[in-house]
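K.L.:
Mind having a look at this structure? Questions to follow.
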Amino acid sequence: MTKLCVPIMVESVDQALSDADAARTAGADLVELRLDRFTEDRDAAVELVKACPLPCIVTIRPAWEGGEYDGDDMHRVALIEHLGIACAGHGPAYFDVELAAYDRSANLRQKINLVVDHEDQPRRTDTGLILSSHDFETRPSDLTRRIAAMAGFRGCRVVKLAWAARSLRDNLEAFEIIRDRTKPTIALCMGEAGLMSRVLAKKFGALLTFAAIDGAHGTAPGQPTIEELKTLYRWDRLNADTEVFGVIGHPVGHSMSPAIHNAGFDAIDYNGVYLPMPIPPAYEHFKATVGSLLAEPSLNFRGASVTIPHKQNLQRFVEEMGGEIEPLSAKIGAANTLTVRGDGVLYASNTDYAAALDAVCDALKINREQLGGNRVAVLGAGGAARAVVAGFAHYQAAVTVYNRTVEKAAELADAFDARHAGLDAIGSAGFDILINCTPIGMHPNEDATPYDFTSNPQPATSTLPLVFDTIYNPVETRLLREAKAAGCITVSGVEMFVRQAASQFELWTGENAPTANFREAVLDRLAD
Ligand code: NAP
């Protein structure tokens, strides 16, 4: 079973023991005591290892391998030897030593081998040796040689590799290394693109993954916190059969979608996990990366939310792969959902337009057919507006697009038999439904509004309009606040966000989405 290991940079015995205790309480299986800055007081190091409340890895990582130890090898090896002997019976579970150091010095090898378990070891010791290799810049060109070298040493119990992910595809190589292991293996990718290797280490049977005790104490780029692994990424539920989903975009670091979908999997007890999947702009990156994820059967990649800048790329990719495109999504020209069907056929669809329609219909307590004839004013002519206009026009609403750049308004309106005007014209317009699809009023510009209810207290309409702001941060924009004060029914962008995610979830799982959990997850994230 893959273990959860919390690295602790040791400053003092008390601090390290207190951190180790916190790690144990948070659910860690072991800790890595990083003695990089703590090599002078041998007795204190012995006391720490003996008193550690969890099994431990002892590491003294030199600066030349990305650590903070700047002394010579023999000094640190002497401490390792001392710990091995003085802690007999209560020793570390592992010593971690870099392949580069172990490989180049027979003397160092001999000293390390004296205190770790291997077939020629005459003394009884439970401490194993992790041989490790790190590259903080890129994937080492001799990765395969390094693996073979580590595994080939009789003293080596565990092979550990960590390198900076160049793209999501490097995670797949890490999984392959774990799958083809001849000894227990840790293979991790660093950086934002490497998160998948850290979370899915358990799915592929790695010896362990590392998780920071909190956001301030990670020891490598991209290391999640133990709280994120356990609560957000469902660590305890992951296994070889777990289905993998994600949000594809650039950037995706602040996406709320992982919080929503993972909460959904939890609520219905579904064996899935949802991860951020950053893919740089350009179709070639999208095609190569998504193609690789799909080509790895053991990954069990079943679908993705697709956001800026890849919504058009998804449609093109699915077309090229002979998959199916939802007809209205094809007309919109952008899809936001990839579903890998049971038979492996790809399906691209757009859940934004349906989410916008349903958010409005639910608030008005009508069905979509009853939208026919309603005058709908859409502010903006970008991606969100396109989905909204397509949806409302499809149900015969009388849509007018108002946009700062009038040419774009005209272009969008023409595609869906709608009307158009400049954004300024909204002040004198009449409408039954007003939908803001511009970012005006979005955090941090919360004082802004695309429609001033104080200077236009009564739109030229006999009944008060419904006002829908697609912005979800803040939950109540100035536009909505003033519309509500004027007596209008209002709908927040949260309602659209929750519904578009719910439709994705239903496509992927075949189950009803727990929308109450989704809403709670969004509101929790926005309140942070
Ligand atoms: P987009 O493609 O960049 O389009 C933005 C539109 O807003 C353009 O038409 C642009 O006009 C207009 N605009 C931008 N800044 C403006 C300003 N200062 N004054 C006047 N007009 C301005 O963006 P998008 O993807 O459509 O997103 C728009 C909004 O929708 C965002 O606020 C986003 O939060 C929201 N959204 C919500 C959801 C949800 O699920 N709730 C989903 C998607 C999007 P020009 O054409 O003149 O540049």
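Here's how to read the names in the structure tokens: chain A, B, ... by the order shown, residue numbers from 1 in each chain, ligand numbers from 1 in the order shown.
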Residues within 8 Å of ligand 1, counting only C-alpha atoms and all ligand atoms: report them as a ChimeraX atom specification.

P.N.:
/A:308,352,355-356,379-386,403-406,408-409,423,436-440,442,450,469-473,492-500

K.L.:
Might you pull out every residue within 6 Å of Thr59 in chain A, with only C-alpha atoms counted and same-chain residues fewer than 2 positions away left off, and present them as a list of chain:residue names?

P.N.:
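Skipping anything fewer than 2 positions along the chain leaves A:Arg34, A:Arg61, A:Asp96.
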
K.L.:
What would the file look like if the residues just selected were written as a PDB file, in the first residue's frame with N, CA, C and O atoms?

P.N.:
```
ATOM      1  N   ARG A  34      14.592  15.735   7.287  1.00  0.00           N
ATOM      2  CA  ARG A  34      15.638  16.339   6.461  1.00  0.00           C
ATOM      3  C   ARG A  34      16.635  17.006   7.394  1.00  0.00           C
ATOM      4  O   ARG A  34      16.354  18.036   7.995  1.00  0.00           O
ATOM      5  N   ARG A  61      20.348  16.084   2.396  1.00  0.00           N
ATOM      6  CA  ARG A  61      20.426  16.325   0.949  1.00  0.00           C
ATOM      7  C   ARG A  61      21.427  17.443   0.657  1.00  0.00           C
ATOM      8  O   ARG A  61      21.269  18.574   1.124  1.00  0.00           O
ATOM      9  N   ASP A  96      18.099   7.914   2.951  1.00  0.00           N
ATOM     10  CA  ASP A  96      18.036   8.284   1.531  1.00  0.00           C
ATOM     11  C   ASP A  96      19.384   8.866   1.137  1.00  0.00           C
ATOM     12  O   ASP A  96      19.861   9.831   1.741  1.00  0.00           O
TER      13      ASP A  96
END
```

K.L.:
Ranking A:Ala267, A:Met74, A:Ala486, A:Ile332 by minimum distance to Leu412 in chain A and counting only C-alpha atoms, which one comes first?

P.N.:
A:Ile332

K.L.:
Provide the CA of Asn262 in chain A to CA of Val244 in chain A distance in Å, to one decimal place.

P.N.:
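According to the coordinates, CA of Asn262 in chain A and CA of Val244 in chain A are separated by 10.7 Å.
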
K.L.:
Quick one: everything within 9 Å of range 313-325 of chain A, counting only C-alpha atoms, minus sequence neighbours fewer than 2 positions away in the same chain. Send it as a short mmCIF file (atom, residue, chain, number, x, y, z; two decimals) with C-alpha atoms, in the first residue's frame.

P.N.:
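Written file, result.cif:
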```cif
data_model
loop_
_atom_site.label_atom_id
_atom_site.label_comp_id
_atom_site.auth_asym_id
_atom_site.auth_seq_id
_atom_site.Cartn_x
_atom_site.Cartn_y
_atom_site.Cartn_z
CA ALA A 282 -1.67 25.81 -29.05
CA TYR A 283 -3.47 22.91 -30.63
CA PHE A 286 -3.51 19.85 -26.63
CA LYS A 287 -3.49 17.09 -29.21
CA VAL A 290 -4.72 14.54 -24.48
CA GLY A 291 -3.80 11.90 -27.06
CA VAL A 306 -12.02 22.10 -20.93
CA PRO A 309 -7.62 28.50 -24.27
CA HIS A 310 -8.65 25.02 -25.41
CA LYS A 311 -12.41 25.11 -26.02
CA PRO A 327 -24.82 19.69 -32.59
CA LEU A 328 -25.37 22.98 -30.71
CA SER A 329 -21.78 22.84 -29.44
CA ALA A 330 -20.66 22.55 -33.08
CA GLY A 333 -17.82 26.52 -32.20
CA ALA A 334 -16.54 25.67 -28.72
CA ALA A 335 -16.95 22.74 -26.37
CA ASN A 336 -16.22 22.63 -22.65
CA THR A 337 -16.63 18.93 -21.89
CA LEU A 338 -14.78 15.84 -23.05
CA VAL A 345 -15.62 6.92 -28.50
CA LEU A 346 -14.98 10.57 -27.63
CA TYR A 347 -17.84 13.02 -27.15
CA ALA A 348 -17.41 16.81 -27.08
CA SER A 349 -20.25 18.88 -25.71
#
```

K.L.:
Mind checking which residues fall within 12 Å of Asp142 in chain A, counting only C-alpha atoms, ignoring those fewer than 6 positions away in the same chain, and posting them as a PyMOL selection string?

P.N.:
chain A and resi 133-135+148-149+161+163

K.L.:
Show me, as a list in words, the residues that have an atom within 7 Å of Asp117 in chain A when counting only C-alpha atoms, minus same-chain residues fewer than 3 positions from it.

P.N.:
Gln121, Thr125, Asp126, Thr127 and Gly128 of chain A

K.L.:
Write out, as a compact mmCIF listing (two decimals), in the first residue's frame, the residues just selected, with all heavy atoms.

P.N.:
```txt
# COMPACT_ATOMS: atom_id res chain seq x y z
N GLN A 121 24.54 -8.37 4.56
CA GLN A 121 24.69 -7.65 5.83
C GLN A 121 24.73 -8.65 7.00
O GLN A 121 23.76 -9.35 7.24
CB GLN A 121 23.49 -6.69 6.00
CG GLN A 121 23.37 -5.98 7.34
CD GLN A 121 24.52 -5.05 7.61
OE1 GLN A 121 25.55 -5.51 8.13
NE2 GLN A 121 24.38 -3.79 7.25
N THR A 125 19.60 -5.35 10.92
CA THR A 125 19.10 -3.97 10.90
C THR A 125 17.84 -3.92 10.04
O THR A 125 17.72 -4.66 9.05
CB THR A 125 20.14 -2.97 10.33
OG1 THR A 125 19.49 -1.72 10.15
CG2 THR A 125 20.74 -3.42 9.02
N ASP A 126 16.91 -3.09 10.46
CA ASP A 126 15.67 -2.97 9.67
C ASP A 126 15.72 -1.79 8.71
O ASP A 126 14.78 -1.55 7.97
CB ASP A 126 14.46 -2.78 10.61
CG ASP A 126 14.20 -4.04 11.41
OD1 ASP A 126 14.53 -5.12 10.89
OD2 ASP A 126 13.70 -3.93 12.54
N THR A 127 16.79 -1.03 8.76
CA THR A 127 16.85 0.18 7.94
C THR A 127 17.22 -0.16 6.49
O THR A 127 18.19 -0.87 6.25
CB THR A 127 17.90 1.15 8.52
OG1 THR A 127 17.55 1.44 9.87
CG2 THR A 127 17.94 2.45 7.73
N GLY A 128 16.40 0.32 5.56
CA GLY A 128 16.66 0.09 4.14
C GLY A 128 17.31 1.32 3.52
O GLY A 128 17.27 2.42 4.10
```

K.L.:
Between CA of Ala101 in chain A and CA of Glu32 in chain A, what distance in Å does the model show, to one decimal?

P.N.:
19.3 Å

K.L.:
Report the distance between CA of Phe210 in chain A and CA of Trp235 in chain A in Å, rounded to one decimal place.

P.N.:
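Distance between the two atoms: 12.0 Å.
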
K.L.:
Please provide the set of residues having any atom within 12 Å of Gly152 in chain A, restricted to only C-alpha atoms, with same-chain residues fewer than 2 positions apart removed, written as a PyMOL selection string.

P.N.:
chain A and resi 99+103+131+145-150+154-159+181-183

K.L.:
When you look at Ser257 in chain A with a cut-off of 9 Å (counting only C-alpha atoms), what residues show up, excluding the ones that are within fewer than 4 positions of it in the same chain? I need them as a list in words.

P.N.:
Gly246, Val247, His261, Asn262, Tyr274, Leu275, Pro276, Ser305, Ala501 and Val522 of chain A

K.L.:
Dump all heavy atoms for the selected residues as a PDB file, in the first residue's frame?

P.N.:
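Saved to out.pdb:
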```
ATOM      1  N   GLY A 246     -10.361  15.605 -15.155  1.00  0.00           N
ATOM      2  CA  GLY A 246      -9.592  16.804 -14.826  1.00  0.00           C
ATOM      3  C   GLY A 246     -10.113  18.034 -15.515  1.00  0.00           C
ATOM      4  O   GLY A 246     -11.045  17.972 -16.317  1.00  0.00           O
ATOM      5  N   VAL A 247      -9.474  19.148 -15.168  1.00  0.00           N
ATOM      6  CA  VAL A 247      -9.783  20.396 -15.861  1.00  0.00           C
ATOM      7  C   VAL A 247      -8.568  20.764 -16.697  1.00  0.00           C
ATOM      8  O   VAL A 247      -7.459  20.939 -16.178  1.00  0.00           O
ATOM      9  CB  VAL A 247     -10.206  21.533 -14.898  1.00  0.00           C
ATOM     10  CG1 VAL A 247      -9.240  21.753 -13.757  1.00  0.00           C
ATOM     11  CG2 VAL A 247     -10.413  22.845 -15.671  1.00  0.00           C
ATOM     12  N   HIS A 261     -15.941  18.696  -8.279  1.00  0.00           N
ATOM     13  CA  HIS A 261     -16.126  17.327  -8.775  1.00  0.00           C
ATOM     14  C   HIS A 261     -15.656  16.281  -7.765  1.00  0.00           C
ATOM     15  O   HIS A 261     -16.280  15.227  -7.628  1.00  0.00           O
ATOM     16  CB  HIS A 261     -15.436  17.160 -10.125  1.00  0.00           C
ATOM     17  CG  HIS A 261     -16.177  17.842 -11.236  1.00  0.00           C
ATOM     18  ND1 HIS A 261     -17.377  17.393 -11.706  1.00  0.00           N
ATOM     19  CD2 HIS A 261     -15.915  18.981 -11.917  1.00  0.00           C
ATOM     20  CE1 HIS A 261     -17.824  18.194 -12.657  1.00  0.00           C
ATOM     21  NE2 HIS A 261     -16.939  19.179 -12.805  1.00  0.00           N
ATOM     22  N   ASN A 262     -14.561  16.570  -7.057  1.00  0.00           N
ATOM     23  CA  ASN A 262     -14.122  15.593  -6.057  1.00  0.00           C
ATOM     24  C   ASN A 262     -15.138  15.497  -4.915  1.00  0.00           C
ATOM     25  O   ASN A 262     -15.392  14.404  -4.391  1.00  0.00           O
ATOM     26  CB  ASN A 262     -12.727  15.942  -5.545  1.00  0.00           C
ATOM     27  CG  ASN A 262     -11.646  15.606  -6.571  1.00  0.00           C
ATOM     28  OD1 ASN A 262     -11.688  14.550  -7.204  1.00  0.00           O
ATOM     29  ND2 ASN A 262     -10.699  16.503  -6.765  1.00  0.00           N
ATOM     30  N   TYR A 274     -10.441  13.922  -9.653  1.00  0.00           N
ATOM     31  CA  TYR A 274     -10.460  15.019 -10.622  1.00  0.00           C
ATOM     32  C   TYR A 274      -9.276  15.936 -10.333  1.00  0.00           C
ATOM     33  O   TYR A 274      -9.119  16.433  -9.212  1.00  0.00           O
ATOM     34  CB  TYR A 274     -11.786  15.758 -10.466  1.00  0.00           C
ATOM     35  CG  TYR A 274     -12.047  16.855 -11.455  1.00  0.00           C
ATOM     36  CD1 TYR A 274     -12.904  16.661 -12.539  1.00  0.00           C
ATOM     37  CD2 TYR A 274     -11.487  18.116 -11.294  1.00  0.00           C
ATOM     38  CE1 TYR A 274     -13.175  17.690 -13.438  1.00  0.00           C
ATOM     39  CE2 TYR A 274     -11.743  19.142 -12.186  1.00  0.00           C
ATOM     40  CZ  TYR A 274     -12.593  18.923 -13.253  1.00  0.00           C
ATOM     41  OH  TYR A 274     -12.864  19.945 -14.133  1.00  0.00           O
ATOM     42  N   LEU A 275      -8.442  16.163 -11.339  1.00  0.00           N
ATOM     43  CA  LEU A 275      -7.164  16.866 -11.136  1.00  0.00           C
ATOM     44  C   LEU A 275      -7.024  18.085 -12.049  1.00  0.00           C
ATOM     45  O   LEU A 275      -7.557  18.082 -13.167  1.00  0.00           O
ATOM     46  CB  LEU A 275      -6.012  15.911 -11.488  1.00  0.00           C
ATOM     47  CG  LEU A 275      -5.937  14.620 -10.686  1.00  0.00           C
ATOM     48  CD1 LEU A 275      -5.015  13.628 -11.387  1.00  0.00           C
ATOM     49  CD2 LEU A 275      -5.434  14.907  -9.288  1.00  0.00           C
ATOM     50  N   PRO A 276      -6.261  19.094 -11.633  1.00  0.00           N
ATOM     51  CA  PRO A 276      -5.907  20.157 -12.571  1.00  0.00           C
ATOM     52  C   PRO A 276      -4.971  19.590 -13.638  1.00  0.00           C
ATOM     53  O   PRO A 276      -4.048  18.847 -13.306  1.00  0.00           O
ATOM     54  CB  PRO A 276      -5.154  21.186 -11.705  1.00  0.00           C
ATOM     55  CG  PRO A 276      -5.155  20.672 -10.318  1.00  0.00           C
ATOM     56  CD  PRO A 276      -5.655  19.267 -10.311  1.00  0.00           C
ATOM     57  N   SER A 305     -13.150  18.668 -18.036  1.00  0.00           N
ATOM     58  CA  SER A 305     -13.706  19.987 -18.289  1.00  0.00           C
ATOM     59  C   SER A 305     -12.619  20.714 -19.072  1.00  0.00           C
ATOM     60  O   SER A 305     -11.441  20.598 -18.731  1.00  0.00           O
ATOM     61  CB  SER A 305     -13.930  20.753 -16.974  1.00  0.00           C
ATOM     62  OG  SER A 305     -14.553  19.941 -16.015  1.00  0.00           O
ATOM     63  N   ALA A 501     -21.211  22.272 -14.276  1.00  0.00           N
ATOM     64  CA  ALA A 501     -20.413  21.192 -13.678  1.00  0.00           C
ATOM     65  C   ALA A 501     -21.291  19.959 -13.440  1.00  0.00           C
ATOM     66  O   ALA A 501     -20.857  18.823 -13.655  1.00  0.00           O
ATOM     67  CB  ALA A 501     -19.798  21.670 -12.362  1.00  0.00           C
ATOM     68  N   VAL A 522     -18.468  25.372  -4.077  1.00  0.00           N
ATOM     69  CA  VAL A 522     -18.174  26.652  -4.743  1.00  0.00           C
ATOM     70  C   VAL A 522     -18.205  27.790  -3.731  1.00  0.00           C
ATOM     71  O   VAL A 522     -17.285  28.619  -3.675  1.00  0.00           O
ATOM     72  CB  VAL A 522     -19.214  26.946  -5.858  1.00  0.00           C
ATOM     73  CG1 VAL A 522     -18.985  28.340  -6.440  1.00  0.00           C
ATOM     74  CG2 VAL A 522     -19.120  25.923  -6.962  1.00  0.00           C
TER      75      VAL A 522
END
```

K.L.:
Would you mind telling me which residue in A:Val475, A:Leu195, A:Trp508, A:Ala240 lies nearest to Gly253 in chain A when using only C-alpha atoms?

P.N.:
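Looking at the shortest contact to Gly253 in chain A, the residue is A:Leu195.
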
K.L.:
Would you mind telling me which residue in A:Gly218, A:Gly191, A:Gly84, A:Pro184 lies nearest to Gly205 in chain A when using only C-alpha atoms?

P.N.:
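Closest to Gly205 in chain A of all the choices is A:Pro184.
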
K.L.:
Which of range 267-363 of chain A counts as helix (DSSP H, G or I) under DSSP, as a PyMOL selection string please?

P.N.:
chain A and resi 267-268+283-295+297-299+311-320+327-332+352-363

K.L.:
Can you tell me, as a list in words, which residues in range 112-164 of chain A count as strand (DSSP E) by DSSP?

P.N.:
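So, restricting range 112-164 of chain A to strand (DSSP E), we get Gly128, Leu129, Ile130, Leu131, Ser132, Ser133, His134, Asp135, Val158, Val159, Lys160, Leu161, Ala162, Trp163 and Ala164 of chain A.
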
K.L.:
How would the residues just chosen look if you wrote them out with all heavy atoms as a short mmCIF file (atom, residue, chain, number, x, y, z; two decimals), in the first residue's frame?

P.N.:
```cif
data_model
loop_
_atom_site.label_atom_id
_atom_site.label_comp_id
_atom_site.auth_asym_id
_atom_site.auth_seq_id
_atom_site.Cartn_x
_atom_site.Cartn_y
_atom_site.Cartn_z
N GLY A 128 16.40 0.32 5.56
CA GLY A 128 16.66 0.09 4.14
C GLY A 128 17.31 1.32 3.52
O GLY A 128 17.27 2.42 4.10
N LEU A 129 17.86 1.14 2.33
CA LEU A 129 18.49 2.27 1.63
C LEU A 129 17.63 2.69 0.44
O LEU A 129 17.27 1.87 -0.41
CB LEU A 129 19.89 1.86 1.14
CG LEU A 129 20.59 2.90 0.26
CD1 LEU A 129 20.88 4.19 1.05
CD2 LEU A 129 21.90 2.33 -0.31
N ILE A 130 17.28 3.98 0.43
CA ILE A 130 16.66 4.58 -0.76
C ILE A 130 17.78 5.21 -1.55
O ILE A 130 18.50 6.08 -1.04
CB ILE A 130 15.62 5.66 -0.37
CG1 ILE A 130 14.48 5.08 0.47
CG2 ILE A 130 15.08 6.35 -1.62
CD1 ILE A 130 13.49 6.13 1.00
N LEU A 131 17.95 4.79 -2.78
CA LEU A 131 18.87 5.51 -3.67
C LEU A 131 18.03 6.48 -4.49
O LEU A 131 16.99 6.08 -5.04
CB LEU A 131 19.63 4.56 -4.57
CG LEU A 131 20.83 3.87 -3.94
CD1 LEU A 131 21.57 3.01 -4.97
CD2 LEU A 131 21.80 4.86 -3.31
N SER A 132 18.46 7.74 -4.54
CA SER A 132 17.59 8.72 -5.17
C SER A 132 18.33 9.55 -6.21
O SER A 132 19.55 9.68 -6.18
CB SER A 132 16.99 9.64 -4.10
OG SER A 132 18.01 10.34 -3.44
N SER A 133 17.52 10.11 -7.11
CA SER A 133 18.08 10.95 -8.16
C SER A 133 17.06 12.05 -8.48
O SER A 133 15.89 11.76 -8.69
CB SER A 133 18.34 10.09 -9.39
OG SER A 133 18.85 10.88 -10.41
N HIS A 134 17.53 13.29 -8.46
CA HIS A 134 16.63 14.44 -8.66
C HIS A 134 17.12 15.32 -9.78
O HIS A 134 18.32 15.52 -9.93
CB HIS A 134 16.57 15.29 -7.38
CG HIS A 134 16.21 14.53 -6.16
ND1 HIS A 134 17.10 13.73 -5.49
CD2 HIS A 134 15.04 14.43 -5.48
CE1 HIS A 134 16.50 13.16 -4.45
NE2 HIS A 134 15.25 13.57 -4.43
N ASP A 135 16.17 15.87 -10.53
CA ASP A 135 16.52 16.90 -11.50
C ASP A 135 15.45 17.98 -11.42
O ASP A 135 14.29 17.73 -11.77
CB ASP A 135 16.61 16.32 -12.93
CG ASP A 135 17.25 17.31 -13.89
OD1 ASP A 135 16.97 18.52 -13.76
OD2 ASP A 135 18.01 16.88 -14.78
N VAL A 158 15.14 0.68 -2.25
CA VAL A 158 14.12 1.49 -2.92
C VAL A 158 14.78 2.39 -3.97
O VAL A 158 15.79 3.02 -3.69
CB VAL A 158 13.35 2.37 -1.91
CG1 VAL A 158 12.34 3.27 -2.62
CG2 VAL A 158 12.67 1.51 -0.84
N VAL A 159 14.16 2.47 -5.14
CA VAL A 159 14.60 3.37 -6.20
C VAL A 159 13.73 4.62 -6.14
O VAL A 159 12.50 4.53 -6.13
CB VAL A 159 14.42 2.69 -7.58
CG1 VAL A 159 14.63 3.68 -8.72
CG2 VAL A 159 15.35 1.48 -7.70
N LYS A 160 14.36 5.80 -6.07
CA LYS A 160 13.58 7.04 -6.06
C LYS A 160 14.05 7.99 -7.17
O LYS A 160 15.22 8.30 -7.27
CB LYS A 160 13.71 7.76 -4.71
CG LYS A 160 12.94 9.07 -4.70
CD LYS A 160 13.22 9.94 -3.50
CE LYS A 160 12.56 11.31 -3.70
NZ LYS A 160 13.02 12.31 -2.73
N LEU A 161 13.07 8.44 -7.97
CA LEU A 161 13.36 9.41 -9.04
C LEU A 161 12.41 10.57 -8.92
O LEU A 161 11.22 10.38 -8.71
CB LEU A 161 13.09 8.76 -10.40
CG LEU A 161 14.13 7.74 -10.81
CD1 LEU A 161 13.47 6.68 -11.64
CD2 LEU A 161 15.22 8.43 -11.60
N ALA A 162 12.95 11.77 -9.06
CA ALA A 162 12.09 12.95 -9.09
C ALA A 162 12.67 13.90 -10.11
O ALA A 162 13.87 14.19 -10.09
CB ALA A 162 12.03 13.60 -7.71
N TRP A 163 11.83 14.36 -11.02
CA TRP A 163 12.32 15.32 -12.01
C TRP A 163 11.23 16.34 -12.32
O TRP A 163 10.05 16.10 -12.08
CB TRP A 163 12.81 14.61 -13.27
CG TRP A 163 11.77 14.05 -14.19
CD1 TRP A 163 11.20 14.67 -15.25
CD2 TRP A 163 11.18 12.73 -14.14
NE1 TRP A 163 10.30 13.83 -15.87
CE2 TRP A 163 10.27 12.64 -15.22
CE3 TRP A 163 11.35 11.62 -13.29
CZ2 TRP A 163 9.53 11.49 -15.47
CZ3 TRP A 163 10.59 10.48 -13.55
CH2 TRP A 163 9.70 10.42 -14.61
N ALA A 164 11.66 17.51 -12.82
CA ALA A 164 10.72 18.58 -13.15
C ALA A 164 9.94 18.20 -14.39
O ALA A 164 10.54 17.95 -15.45
CB ALA A 164 11.48 19.88 -13.38
#
```
